[in-house]
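Engineer: So here's query.txt, just compact mmCIF, C-alpha atoms and all ligand atoms:
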# COMPACT_ATOMS: atom_id res chain seq x y z
CA MET K 45 90.77 89.41 50.50
CA ILE K 46 87.59 91.26 51.38
CA LYS K 47 85.08 89.36 53.45
CA PHE K 48 81.51 90.40 54.25
CA GLU K 49 80.21 88.69 57.37
CA SER K 50 76.46 89.01 58.06
CA VAL K 51 76.57 92.63 56.91
CA VAL K 52 73.35 94.64 57.28
CA LYS K 53 72.64 98.24 56.33
CA LYS K 54 69.41 99.80 57.44
CA TYR K 55 69.08 103.50 56.60
CA PRO K 56 67.52 105.83 59.20
CA ASP K 57 64.22 105.93 57.24
CA GLY K 58 63.90 102.15 57.68
CA THR K 59 65.06 101.10 54.19
CA VAL K 60 66.97 97.85 54.40
CA ALA K 61 69.55 98.24 51.62
CA VAL K 62 71.74 95.25 52.51
CA ASN K 63 70.37 92.31 54.43
CA GLY K 64 72.79 89.79 55.88
CA LEU K 65 75.45 89.76 53.17
CA ASP K 66 78.05 86.98 53.41
CA LEU K 67 80.65 86.94 50.68
CA VAL K 68 84.39 86.66 50.05
CA ALA K 69 86.15 88.67 47.33
CA PRO K 70 89.51 86.92 46.82
CA SER K 71 92.79 88.85 46.57
CA GLY K 72 94.02 89.73 43.11
CA LYS K 73 90.65 88.97 41.49
CA ILE K 74 87.73 90.98 40.13
CA THR K 75 84.46 90.45 41.98
CA VAL K 76 81.48 92.07 40.29
CA PHE K 77 78.32 93.13 42.14
CA VAL K 78 75.42 93.10 39.70
CA GLY K 79 71.67 93.39 40.11
CA PRO K 80 68.66 95.58 39.45
CA SER K 81 68.45 99.21 40.56
CA GLY K 82 68.17 99.57 44.31
CA CYS K 83 69.50 96.10 45.22
CA GLY K 84 72.22 97.60 47.41
CA LYS K 85 75.29 97.43 45.16
CA THR K 86 76.56 100.93 45.89
CA THR K 87 75.73 100.67 49.58
CA SER K 88 77.71 97.41 49.82
CA LEU K 89 80.66 98.94 47.99
CA ARG K 90 80.77 102.08 50.10
CA MET K 91 80.66 100.12 53.33
CA ILE K 92 84.06 98.67 52.41
CA ASN K 93 85.84 102.04 52.65
CA ARG K 94 83.43 103.23 55.36
CA MET K 95 81.85 106.02 53.37
CA ILE K 96 78.75 104.25 54.74
CA GLN K 97 78.74 102.59 58.16
CA PRO K 98 77.19 99.11 58.37
CA THR K 99 74.32 98.75 60.84
CA SER K 100 75.68 95.37 61.89
CA GLY K 101 78.08 92.69 60.74
CA THR K 102 81.76 92.92 59.88
CA ILE K 103 83.74 93.64 56.74
CA TRP K 104 87.25 92.19 56.85
CA LEU K 105 90.14 93.43 54.77
CA ASP K 106 92.56 90.51 55.00
CA ASP K 107 92.76 89.99 58.77
CA GLN K 108 91.68 93.51 59.70
CA ASP K 109 88.19 94.41 60.86
CA THR K 110 87.58 97.56 58.75
CA GLY K 111 85.30 98.92 61.49
CA LYS K 112 88.30 99.10 63.81
CA VAL K 113 90.81 100.72 61.43
CA ASP K 114 91.28 104.47 61.27
CA GLU K 115 89.23 105.70 58.28
CA SER K 116 91.98 107.61 56.52
CA THR K 117 94.47 104.76 56.96
CA LEU K 118 91.86 102.41 55.53
CA ARG K 119 91.15 104.62 52.50
CA ARG K 120 94.82 105.07 51.69
CA GLY K 121 94.94 101.41 50.67
CA ILE K 122 91.71 101.56 48.66
CA GLY K 123 91.36 103.22 45.24
CA TYR K 124 87.88 104.45 44.34
CA VAL K 125 86.51 105.09 40.85
CA ILE K 126 83.01 106.38 40.12
CA GLN K 127 80.77 107.09 37.15
CA HIS K 128 81.64 110.38 35.39
CA ALA K 129 85.10 110.02 36.97
CA GLY K 130 84.37 112.74 39.59
CA LEU K 131 87.45 114.76 38.64
CA PHE K 132 88.29 118.17 40.12
CA PRO K 133 87.26 120.57 37.32
CA HIS K 134 89.76 123.31 38.18
CA ARG K 135 92.80 121.03 38.39
CA THR K 136 94.77 119.86 35.38
CA ILE K 137 94.78 116.18 34.46
CA VAL K 138 98.26 115.65 35.85
CA ASP K 139 97.25 117.30 39.16
CA ASN K 140 94.01 115.33 39.33
CA ILE K 141 95.94 112.07 39.05
CA ALA K 142 98.50 113.25 41.63
CA THR K 143 95.81 114.05 44.24
CA VAL K 144 96.43 111.11 46.56
CA PRO K 145 100.24 111.02 46.28
CA LEU K 146 100.30 114.75 47.18
CA LEU K 147 98.01 114.10 50.15
CA LEU K 148 100.42 111.39 51.22
CA GLY K 149 103.21 113.97 51.21
CA TRP K 150 105.08 112.99 48.05
CA ASP K 151 107.12 115.87 46.62
CA LYS K 152 105.60 117.52 43.55
CA LYS K 153 108.18 116.25 41.10
CA ARG K 154 107.75 112.63 42.09
CA ALA K 155 103.93 112.92 42.11
CA ARG K 156 103.92 114.42 38.60
CA ALA K 157 106.29 111.77 37.29
CA ARG K 158 103.96 109.13 38.70
CA SER K 159 100.96 110.86 37.03
CA LEU K 160 102.62 110.84 33.63
CA GLU K 161 103.60 107.19 34.01
CA LEU K 162 99.99 106.34 34.89
CA MET K 163 98.60 108.31 31.95
CA GLU K 164 100.60 106.06 29.67
CA ARG K 165 99.53 102.97 31.58
CA VAL K 166 95.82 103.68 31.11
CA GLY K 167 96.26 104.59 27.45
CA LEU K 168 96.14 108.40 27.66
CA ASP K 169 98.35 110.66 25.58
CA THR K 170 100.63 112.57 27.98
CA ALA K 171 100.05 115.63 25.78
CA PHE K 172 96.76 115.94 27.72
CA ALA K 173 98.61 116.44 31.02
CA LYS K 174 98.07 120.20 31.19
CA ARG K 175 94.44 120.11 30.04
CA TYR K 176 91.42 120.43 32.33
CA PRO K 177 88.83 117.63 32.63
CA ALA K 178 86.21 119.49 30.53
CA GLN K 179 88.69 119.46 27.63
CA LEU K 180 88.65 115.63 27.48
CA SER K 181 86.02 113.21 26.15
CA GLY K 182 83.93 111.15 28.55
CA GLY K 183 86.01 108.04 27.86
CA GLN K 184 89.28 109.92 28.41
CA GLN K 185 87.94 111.32 31.69
CA GLN K 186 87.14 107.79 32.86
CA ARG K 187 90.73 106.78 32.11
CA VAL K 188 91.90 109.71 34.24
CA GLY K 189 89.57 108.47 36.99
CA VAL K 190 91.18 105.01 36.85
CA ALA K 191 94.71 106.52 36.79
CA ARG K 192 93.87 108.69 39.81
CA ALA K 193 92.61 105.68 41.77
CA LEU K 194 95.79 103.76 40.94
CA ALA K 195 98.14 106.64 41.79
CA ALA K 196 99.19 105.49 45.24
CA ASP K 197 99.23 101.86 44.10
CA PRO K 198 96.48 100.67 46.47
CA PRO K 199 96.06 96.89 46.74
CA VAL K 200 92.25 97.28 46.61
CA MET K 201 90.09 99.10 44.06
CA LEU K 202 86.40 99.88 44.39
CA MET K 203 84.76 100.75 41.08
CA ASP K 204 81.16 101.98 40.94
CA GLU K 205 79.75 101.83 37.39
CA PRO K 206 82.97 103.41 36.10
CA PHE K 207 82.21 102.83 32.41
CA SER K 208 78.45 103.49 32.35
CA ALA K 209 78.50 107.08 31.15
CA VAL K 210 80.17 106.46 27.79
CA ASP K 211 78.95 105.10 24.46
CA PRO K 212 79.10 101.32 23.80
CA VAL K 213 82.21 101.42 21.59
CA VAL K 214 84.27 103.47 24.04
CA ARG K 215 82.89 101.35 26.85
CA ALA K 216 84.15 98.15 25.23
CA GLU K 217 87.57 99.77 24.74
CA LEU K 218 87.70 100.83 28.38
CA GLN K 219 86.72 97.33 29.50
CA ASP K 220 89.43 95.71 27.35
CA GLU K 221 92.03 98.17 28.57
CA PHE K 222 90.93 97.58 32.16
CA LEU K 223 91.31 93.79 31.80
CA ARG K 224 94.77 94.25 30.29
CA LEU K 225 95.76 96.54 33.15
CA GLN K 226 94.43 94.13 35.76
CA SER K 227 96.37 91.24 34.20
CA GLU K 228 99.52 93.29 34.92
CA LEU K 229 98.52 94.71 38.31
CA GLY K 230 96.51 91.93 39.96
CA LYS K 231 94.53 94.22 42.31
CA THR K 232 91.71 93.06 44.54
CA ILE K 233 88.76 94.69 42.79
CA ILE K 234 85.09 95.11 43.57
CA PHE K 235 83.26 96.34 40.50
CA VAL K 236 79.63 97.48 40.56
CA THR K 237 77.47 97.40 37.44
CA HIS K 238 73.81 96.87 36.54
CA ASP K 239 74.85 95.38 33.19
CA ILE K 240 75.07 91.58 33.16
CA ASP K 241 77.17 91.58 29.96
CA GLU K 242 79.75 93.80 31.62
CA ALA K 243 79.61 91.59 34.73
CA VAL K 244 80.34 88.35 32.87
CA LYS K 245 83.01 89.98 30.73
CA LEU K 246 84.98 91.47 33.61
CA GLY K 247 84.29 89.30 36.64
CA ASP K 248 86.41 86.44 37.91
CA GLN K 249 83.35 85.93 40.05
CA VAL K 250 79.95 87.60 39.92
CA ALA K 251 77.64 88.30 42.86
CA VAL K 252 74.01 88.74 41.77
CA LEU K 253 72.07 90.80 44.33
CA LYS K 254 68.31 91.07 44.76
CA VAL K 255 66.31 94.11 45.82
CA GLY K 256 66.20 93.98 49.61
CA GLY K 257 69.95 93.48 49.62
CA THR K 258 70.31 89.72 49.61
CA LEU K 259 72.77 87.64 47.64
CA ALA K 260 71.00 85.55 44.99
CA GLN K 261 74.10 83.80 43.62
CA LEU K 262 77.87 84.03 43.74
CA ALA K 263 79.52 82.18 40.88
CA SER K 264 81.99 82.31 38.02
CA PRO K 265 80.56 83.91 34.86
CA GLY K 266 80.39 80.56 33.03
CA GLU K 267 78.58 78.91 35.93
CA LEU K 268 76.14 81.80 36.24
CA LEU K 269 75.18 81.48 32.59
CA THR K 270 74.93 77.70 32.47
CA ASP K 271 73.62 77.07 35.96
CA PRO K 272 71.58 79.96 37.39
CA VAL K 273 70.41 79.05 40.87
CA ASP K 274 66.80 80.25 40.53
CA ASP K 275 64.29 82.01 38.26
CA PHE K 276 65.39 85.44 39.43
CA VAL K 277 69.00 84.86 38.38
CA ALA K 278 67.94 83.11 35.15
CA GLY K 279 65.71 86.08 34.31
CA PHE K 280 68.38 88.60 35.14
CA VAL K 281 71.04 86.78 33.17
CA GLY K 282 68.72 86.81 30.15
CA ARG K 283 67.30 84.66 27.42
CA ASP K 284 70.35 84.17 25.21
CA ARG K 285 72.44 82.94 28.11
CA GLY K 286 72.98 79.52 26.46
CA TYR K 287 74.73 81.21 23.56
CA ARG K 288 76.68 83.57 25.80
CA ALA K 289 77.80 80.66 27.98
CA LEU K 290 79.73 79.40 24.97
CA GLY K 291 82.04 82.34 25.52
CA PHE K 292 83.35 80.46 28.55
CA GLU K 293 83.44 76.96 27.06
CA THR K 294 86.59 75.82 25.38
CA GLY K 295 86.94 72.50 23.62
CA GLU K 296 89.37 70.82 21.28
CA LEU K 297 88.24 71.46 17.73
CA THR K 298 89.50 69.35 14.86
CA THR K 299 90.44 71.81 12.17
CA ARG K 300 90.65 71.12 8.45
CA PRO K 301 93.76 72.06 6.50
CA GLU K 302 93.42 74.85 3.93
CA GLN K 303 95.17 75.16 0.58
CA THR K 304 96.18 78.80 0.75
CA VAL K 305 97.27 81.54 -1.65
CA GLU K 306 99.39 84.68 -1.40
CA LEU K 307 99.10 88.16 -2.86
CA GLY K 308 100.42 88.05 -6.42
CA ASP K 309 99.36 84.42 -7.05
CA ASP K 310 97.53 83.96 -10.35
CA ALA K 311 93.93 82.94 -11.02
CA GLN K 312 94.87 79.30 -11.63
CA ALA K 313 96.55 79.01 -8.24
CA VAL K 314 93.39 80.40 -6.64
CA GLN K 315 91.22 77.93 -8.57
CA ARG K 316 93.38 75.04 -7.39
CA ALA K 317 93.34 76.16 -3.76
CA ALA K 318 89.67 77.12 -3.54
CA GLN K 319 87.07 74.97 -1.80
CA ASP K 320 83.45 75.90 -2.52
CA GLY K 321 84.72 78.81 -4.55
CA TRP K 322 86.80 80.51 -1.83
CA ALA K 323 90.53 80.48 -1.04
CA LEU K 324 92.29 81.89 1.99
CA ALA K 325 95.14 84.35 1.43
CA LEU K 326 98.06 84.47 3.87
CA ASP K 327 101.00 86.83 4.30
CA ASP K 328 104.66 85.73 4.38
CA ALA K 329 104.39 84.81 8.06
CA ARG K 330 101.36 82.55 7.31
CA LYS K 331 98.97 84.99 9.01
CA PRO K 332 95.52 85.24 7.39
CA LEU K 333 94.89 88.30 5.22
CA GLY K 334 91.38 87.53 3.96
CA TRP K 335 89.30 85.36 1.64
CA VAL K 336 89.42 85.51 -2.15
CA ARG K 337 86.48 84.46 -4.33
CA ALA K 338 88.00 82.39 -7.10
CA ALA K 339 85.52 83.67 -9.69
CA ALA K 340 86.49 87.28 -8.89
CA VAL K 341 90.13 86.89 -9.91
CA PRO K 342 90.49 87.91 -13.57
CA ALA K 343 91.91 85.22 -15.90
CA GLY K 344 95.71 85.37 -15.68
CA GLY K 345 95.42 88.19 -13.11
CA PRO K 346 97.12 88.24 -9.72
CA VAL K 347 95.50 88.28 -6.26
CA THR K 348 95.48 91.92 -5.18
CA PRO K 349 94.55 93.44 -1.80
CA GLU K 350 91.34 94.84 -3.36
CA LEU K 351 90.10 91.27 -4.00
CA LEU K 352 90.35 90.29 -0.32
CA HIS K 353 87.24 89.93 1.84
CA ARG K 354 88.40 90.82 5.31
CA GLY K 355 84.97 90.63 6.94
CA GLY K 356 85.11 87.43 8.98
CA THR K 357 86.48 87.31 12.51
CA VAL K 358 89.55 85.21 13.25
CA ALA K 359 89.40 83.05 16.38
CA PRO K 360 92.20 81.74 18.59
CA ALA K 361 92.48 77.93 18.27
CA SER K 362 92.76 77.71 22.06
CA GLY K 363 89.85 80.13 22.60
CA SER K 364 86.16 79.72 23.32
CA LEU K 365 83.68 77.73 21.25
CA ARG K 366 81.66 80.92 20.85
CA ALA K 367 84.61 82.68 19.20
CA ALA K 368 85.07 79.72 16.83
CA LEU K 369 81.35 79.67 15.99
CA ASP K 370 81.41 83.41 15.42
CA ALA K 371 84.40 83.06 13.09
CA ALA K 372 82.60 80.39 11.04
CA LEU K 373 79.30 82.30 10.86
CA SER K 374 80.97 85.56 9.86
CA SER K 375 83.27 84.06 7.23
CA PRO K 376 82.27 84.58 3.57
CA SER K 377 83.44 81.01 2.79
CA GLY K 378 81.49 79.52 5.72
CA ARG K 379 84.81 78.30 7.13
CA GLY K 380 86.00 79.97 10.33
CA VAL K 381 89.71 80.76 10.52
CA LEU K 382 91.56 79.58 13.64
CA VAL K 383 95.02 80.89 14.52
CA ASP K 384 97.65 80.16 17.15
CA ASP K 385 98.90 82.63 19.79
CA ASP K 386 101.12 84.32 17.19
CA GLY K 387 98.26 84.78 14.74
CA VAL K 388 99.54 82.04 12.41
CA LEU K 389 96.94 79.90 10.61
CA VAL K 390 96.10 76.60 12.32
CA GLY K 391 93.19 75.58 10.09
CA THR K 392 89.49 76.20 9.55
CA VAL K 393 86.19 74.90 10.97
CA THR K 394 82.60 75.11 9.77
CA ALA K 395 79.72 76.19 11.98
CA SER K 396 78.25 72.69 11.93
CA GLU K 397 81.57 71.23 13.12
CA VAL K 398 81.59 73.67 16.05
CA VAL K 399 77.95 72.89 16.86
CA THR K 400 78.71 69.15 16.86
CA ARG K 401 81.53 69.81 19.31
CA ILE K 402 79.18 71.87 21.51
CA GLU K 403 76.60 69.07 21.49
CA THR K 404 79.19 66.49 22.54
CA HIS K 405 80.19 68.84 25.32
CA LEU K 406 76.60 69.28 26.51
CA HIS K 407 75.90 65.53 26.44
CA ALA K 408 79.02 64.91 28.50
CA ARG K 409 77.91 67.52 31.03
CA ARG K 410 74.38 66.06 31.25
CA ASP K 411 75.77 62.55 31.76
CA GLU K 412 78.05 63.90 34.47
CA SER K 413 75.21 65.59 36.35
CA ALA K 414 73.02 62.47 35.95
CA VAL K 415 75.77 60.40 37.60
CA SER K 416 76.31 62.93 40.42
CA GLY K 417 72.52 63.26 40.82
CA GLY K 418 72.71 67.03 40.15
N1 LIG K 501 70.86 107.67 52.18
C1 LIG K 501 69.85 106.83 51.99
N2 LIG K 501 68.74 106.88 52.76
C2 LIG K 501 67.71 106.03 52.57
N3 LIG K 501 67.71 105.05 51.66
C3 LIG K 501 68.77 104.95 50.86
C4 LIG K 501 69.89 105.82 50.97
N4 LIG K 501 70.80 105.47 50.02
C5 LIG K 501 70.28 104.42 49.36
N5 LIG K 501 69.05 104.11 49.85
C6 LIG K 501 68.19 103.01 49.42
O1 LIG K 501 68.85 101.79 49.64
C7 LIG K 501 68.56 100.87 48.58
C8 LIG K 501 69.87 100.42 47.94
O2 LIG K 501 70.48 101.54 47.31
P1 LIG K 501 71.84 101.43 46.50
O3 LIG K 501 72.17 102.78 45.98
O4 LIG K 501 72.82 100.75 47.34
O5 LIG K 501 71.40 100.47 45.32
P2 LIG K 501 72.10 100.15 43.93
O6 LIG K 501 71.92 98.70 43.73
O7 LIG K 501 73.46 100.70 43.91
O8 LIG K 501 71.15 100.95 42.92
P3 LIG K 501 71.45 101.64 41.49
O9 LIG K 501 71.81 100.56 40.55
O10 LIG K 501 70.12 102.26 41.16
O11 LIG K 501 72.54 102.64 41.73
C9 LIG K 501 67.61 101.60 47.65
O12 LIG K 501 66.30 101.25 47.99
C10 LIG K 501 67.88 103.05 47.95
O13 LIG K 501 66.72 103.84 47.69
What does this structure look like when you write it as structure tokens?
Structural biologist:
Amino acid sequence: MIKFESVVKKYPDGTVAVNGLDLVAPSGKITVFVGPSGCGKTTSLRMINRMIQPTSGTIWLDDQDTGKVDESTLRRGIGYVIQHAGLFPHRTIVDNIATVPLLLGWDKKRARARSLELMERVGLDTAFAKRYPAQLSGGQQQRVGVARALAADPPVMLMDEPFSAVDPVVRAELQDEFLRLQSELGKTIIFVTHDIDEAVKLGDQVAVLKVGGTLAQLASPGELLTDPVDDFVAGFVGRDRGYRALGFETGELTTRPEQTVELGDDAQAVQRAAQDGWALALDDARKPLGWVRAAAVPAGGPVTPELLHRGGTVAPASGSLRAALDAALSSPSGRGVLVDDDGVLVGTVTASEVVTRIETHLHARRDESAVSGG
């Protein structure tokens, strides 16, 4: 656990970057600091490992006052990842990752073995081990940065806009990979970003900061989107927050059964199975392959892979209402495909069925807050 207690940072020129911050970042969870430029995110982060000294207040790491711990001892337990990865340009990838283990006195062989293991963990081909940072893409360099921070297996990770310098596609990949890694490692993470979408995707909790260094709201992503505490947070979270909040709402959906077809079935079978002109094709394991337009199958002809429309997204039946709505809206048949954890077909839903479910949900929530007077 990391706890900020009345933390203030006033720079020598009089700038108050952080003004009385009180906040707890729970162990094993991702806490995101988000807010406009200059609101004190980086300053707050760097006070944790004492790269910046607080003017007043205390930052606790579990039951230790970080101000009273030897700096190098403190930093040994804290991984640090920054934008552009900050790698040593004249060291190979494997040596970059081994930096901290070598500083801690590990022998070279063990440190290198650890580096290679970490390269695999963060999704990097170990064939890159002997390359130099400039010979990798921006996204690959960021993965090296994450691997380097994890090298000595620190319980705490501080990450300052680690995925900001790469294009949106690579960024989304890095985020997904990072969430997968965290589900295995369970580190205590503070993650700084100015991007609210990144904040709600990655955070177990999100701290929205205001310029002047005050905390506007600390909440779960879903709560932040549905219940912003004031106009500043509502504005920062953005106009389509109602839609994005659906990403955090789950609800039982009643699915409709589908008559399905398989590759090789003939046109008549497709005609029989089709509703509104479309039939769903499954593989042998009853996993969806795509939609077939009945009129497109030649008379007497079989269903071939070329006839499949694979465009629509497939949503987990136990997932969010937003994913189900997305599946329905992106499906050529207008019916969204829902699958179980193994990817096997559960049934389909239409967009209007999902919307009805959302409305029931919203009414229930309004009734609840009317009763509690909220
Ligand atoms: N060394 C310094 N001396 C004086 N003022 C500083 C110093 N470092 C940061 N500041 C100021 O403190 C405030 C907070 O800066 P900080 O870098 O923590 O914000 P941030 O939220 O991380 O911003 P950004 O998103 O732009 O990186 C800003 O007004 C900044 O100009």
Engineer: Using all atoms listed in the file, find each residue with an atom at most 10 Å away from ligand LIG 501 (chain K) and format the answer as a ChimeraX atom specification.
Structural biologist: /K:53-62,77-91,96,204-205,236-239,253-257
Engineer: Dump C-alpha atoms for the selected residues as a tab-separated table (two decimals), keeping the file's coordinate frame?
Structural biologist:
chain	number	residue	atom	x	y	z
K	53	LYS	CA	72.64	98.24	56.33
K	54	LYS	CA	69.41	99.80	57.44
K	55	TYR	CA	69.08	103.50	56.60
K	56	PRO	CA	67.52	105.83	59.20
K	57	ASP	CA	64.22	105.93	57.24
K	58	GLY	CA	63.90	102.15	57.68
K	59	THR	CA	65.06	101.10	54.19
K	60	VAL	CA	66.97	97.85	54.40
K	61	ALA	CA	69.55	98.24	51.62
K	62	VAL	CA	71.74	95.25	52.51
K	77	PHE	CA	78.32	93.13	42.14
K	78	VAL	CA	75.42	93.10	39.70
K	79	GLY	CA	71.67	93.39	40.11
K	80	PRO	CA	68.66	95.58	39.45
K	81	SER	CA	68.45	99.21	40.56
K	82	GLY	CA	68.17	99.57	44.31
K	83	CYS	CA	69.50	96.10	45.22
K	84	GLY	CA	72.22	97.60	47.41
K	85	LYS	CA	75.29	97.43	45.16
K	86	THR	CA	76.56	100.93	45.89
K	87	THR	CA	75.73	100.67	49.58
K	88	SER	CA	77.71	97.41	49.82
K	89	LEU	CA	80.66	98.94	47.99
K	90	ARG	CA	80.77	102.08	50.10
K	91	MET	CA	80.66	100.12	53.33
K	96	ILE	CA	78.75	104.25	54.74
K	204	ASP	CA	81.16	101.98	40.94
K	205	GLU	CA	79.75	101.83	37.39
K	236	VAL	CA	79.63	97.48	40.56
K	237	THR	CA	77.47	97.40	37.44
K	238	HIS	CA	73.81	96.87	36.54
K	239	ASP	CA	74.85	95.38	33.19
K	253	LEU	CA	72.07	90.80	44.33
K	254	LYS	CA	68.31	91.07	44.76
K	255	VAL	CA	66.31	94.11	45.82
K	256	GLY	CA	66.20	93.98	49.61
K	257	GLY	CA	69.95	93.48	49.62
Engineer: Could you work out how far CA of Ala325 in chain K lies from CA of Ser377 in chain K, giving the answer in Å with one decimal?
Structural biologist: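 Distance between the two atoms: 12.2 Å.
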Engineer: Would you tabulate, counting only C-alpha atoms, all residues of range 240-352 of chain K that have an atom at most 6 Å from an atom of range 386-401 of chain K, showing the closest pair of atoms and their distance in Å to one decimal, sorted by chain then ascending number, as JSON lines?
Structural biologist:
{"residue": "K:Thr299", "atom": "CA", "partner": "K:Gly391", "partner_atom": "CA", "distance": 5.1}
{"residue": "K:Arg300", "atom": "CA", "partner": "K:Thr392", "partner_atom": "CA", "distance": 5.3}
{"residue": "K:Pro301", "atom": "CA", "partner": "K:Gly391", "partner_atom": "CA", "distance": 5.1}
{"residue": "K:Arg330", "atom": "CA", "partner": "K:Val388", "partner_atom": "CA", "distance": 5.4}
{"residue": "K:Lys331", "atom": "CA", "partner": "K:Val388", "partner_atom": "CA", "distance": 4.5}
Engineer: If we count all atoms listed in the file, what is near range 364-371 of chain K at a cut-off of 9 Å, once residues fewer than 3 positions away on the same chain are taken out, given as an MDAnalysis selection string?
Structural biologist: chainID K and resid 287:297 356:361 374:375 378:382 393:399 401:402
Engineer: Between CA of Lys245 in chain K and CA of Arg165 in chain K, what is the distance, to one decimal in Å?
Structural biologist: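 Computing the Euclidean distance for CA of Lys245 in chain K and CA of Arg165 in chain K yields 21.0 Å.
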Engineer: Rounded to one decimal place, report the CA of Ala193 in chain K-CA of Tyr124 in chain K distance in Å.
Structural biologist: 5.5 Å
Engineer: Name all residues at most 8 Å from range 103-108 of chain K (count all atoms listed in the file; drop same-chain ones fewer than 5 positions away) and give them as JSON, numbers by chain.
Structural biologist: {"K": [45, 46, 47, 48, 49, 51, 91, 92, 113]}
Engineer: Produce a file of the selected residues containing C-alpha atoms, as a PDB file, keeping the file's coordinate frame.
Structural biologist:
ATOM      1  CA  MET K  45      90.770  89.410  50.500  1.00  0.00           C
ATOM      2  CA  ILE K  46      87.590  91.260  51.380  1.00  0.00           C
ATOM      3  CA  LYS K  47      85.080  89.360  53.450  1.00  0.00           C
ATOM      4  CA  PHE K  48      81.510  90.400  54.250  1.00  0.00           C
ATOM      5  CA  GLU K  49      80.210  88.690  57.370  1.00  0.00           C
ATOM      6  CA  VAL K  51      76.570  92.630  56.910  1.00  0.00           C
ATOM      7  CA  MET K  91      80.660 100.120  53.330  1.00  0.00           C
ATOM      8  CA  ILE K  92      84.060  98.670  52.410  1.00  0.00           C
ATOM      9  CA  VAL K 113      90.810 100.720  61.430  1.00  0.00           C
TER      10      VAL K 113
END
Engineer: Near Leu351 in chain K, within 12 Å and counting all atoms listed in the file, which residues show up once chain neighbours fewer than 2 positions away are dropped, as a count of residues only?
Structural biologist: 27
Engineer: From the set K:Leu147, K:Val252, K:Ala195, K:Val138, which residue has the shortest atom-to-atom contact distance to Ser116 in chain K, counting only C-alpha atoms?
Structural biologist: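 Distance minimum relative to Ser116 in chain K lands on K:Leu147.
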Engineer: Counting only C-alpha atoms, which residue out of K:Gly72, K:Gly123, K:Pro332, K:Gly64 sits closest to Asn93 in chain K?
Structural biologist: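 Checking each of K:Gly72, K:Gly123, K:Pro332, K:Gly64 against Asn93 in chain K, counting only C-alpha atoms, the winner is K:Gly123.
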Engineer: Counting all atoms listed in the file, which residues have an atom no more than 9 Å from (72.7, 89.1, 33.3) in the file's coordinates? Please list them as a list in words.
Structural biologist: Val78, Gly79, His238, Asp239, Ile240, Asp241, Glu242, Ala243, Val244, Val252, Leu268, Leu269, Val277, Ala278, Gly279, Phe280, Val281, Gly282 and Arg285 of chain K
Engineer: Out of K:Val76, K:Met203, K:Ile233, K:Val383, which residue has the shortest atom-to-atom distance to Gly189 in chain K when counting all atoms listed in the file?
Structural biologist: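 Using all atoms listed in the file, the shortest distance to Gly189 in chain K belongs to K:Met203.
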Engineer: Edge lengths and centre in Å to one decimal, as lines of an AutoDock Vina configuration file, is what I'm after for the box along x, y and z that holds all listed atoms of range 281-295 of chain K once 8 Å is added on each side.
Structural biologist:
center_x = 77.1
center_y = 79.7
center_z = 28.4
size_x = 35.6
size_y = 30.3
size_z = 25.6
Engineer: Point out the residue among K:Leu162, K:Thr258, K:Ala216, K:Pro272 with the least atom-to-atom distance to Leu246 in chain K, counting only C-alpha atoms.
Structural biologist: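 That would be K:Ala216, the residue with the smallest distance to Leu246 in chain K.
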Engineer: What does range 367-387 of chain K look like written to a file with C-alpha atoms, as a compact mmCIF listing (two decimals), in the first residue's frame?
Structural biologist:
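Wrote selection09.txt, looks like this:
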# COMPACT_ATOMS: atom_id res chain seq x y z
CA ALA K 367 -19.45 -5.30 -25.63
CA ALA K 368 -22.85 -6.92 -26.27
CA LEU K 369 -24.20 -3.72 -27.85
CA ASP K 370 -21.08 -3.43 -29.98
CA ALA K 371 -21.48 -7.02 -31.14
CA ALA K 372 -25.10 -6.38 -32.16
CA LEU K 373 -24.35 -3.09 -33.93
CA SER K 374 -21.39 -4.51 -35.84
CA SER K 375 -23.11 -7.72 -36.93
CA PRO K 376 -24.30 -7.90 -40.57
CA SER K 377 -27.45 -9.74 -39.40
CA GLY K 378 -28.18 -7.18 -36.65
CA ARG K 379 -27.85 -10.01 -34.13
CA GLY K 380 -24.85 -9.85 -31.80
CA VAL K 381 -23.10 -13.15 -31.12
CA LEU K 382 -22.47 -14.04 -27.46
CA VAL K 383 -20.06 -16.80 -26.47
CA ASP K 384 -19.01 -18.52 -23.25
CA ASP K 385 -15.49 -18.49 -21.75
CA ASP K 386 -14.39 -21.17 -24.23
CA GLY K 387 -15.66 -19.22 -27.23
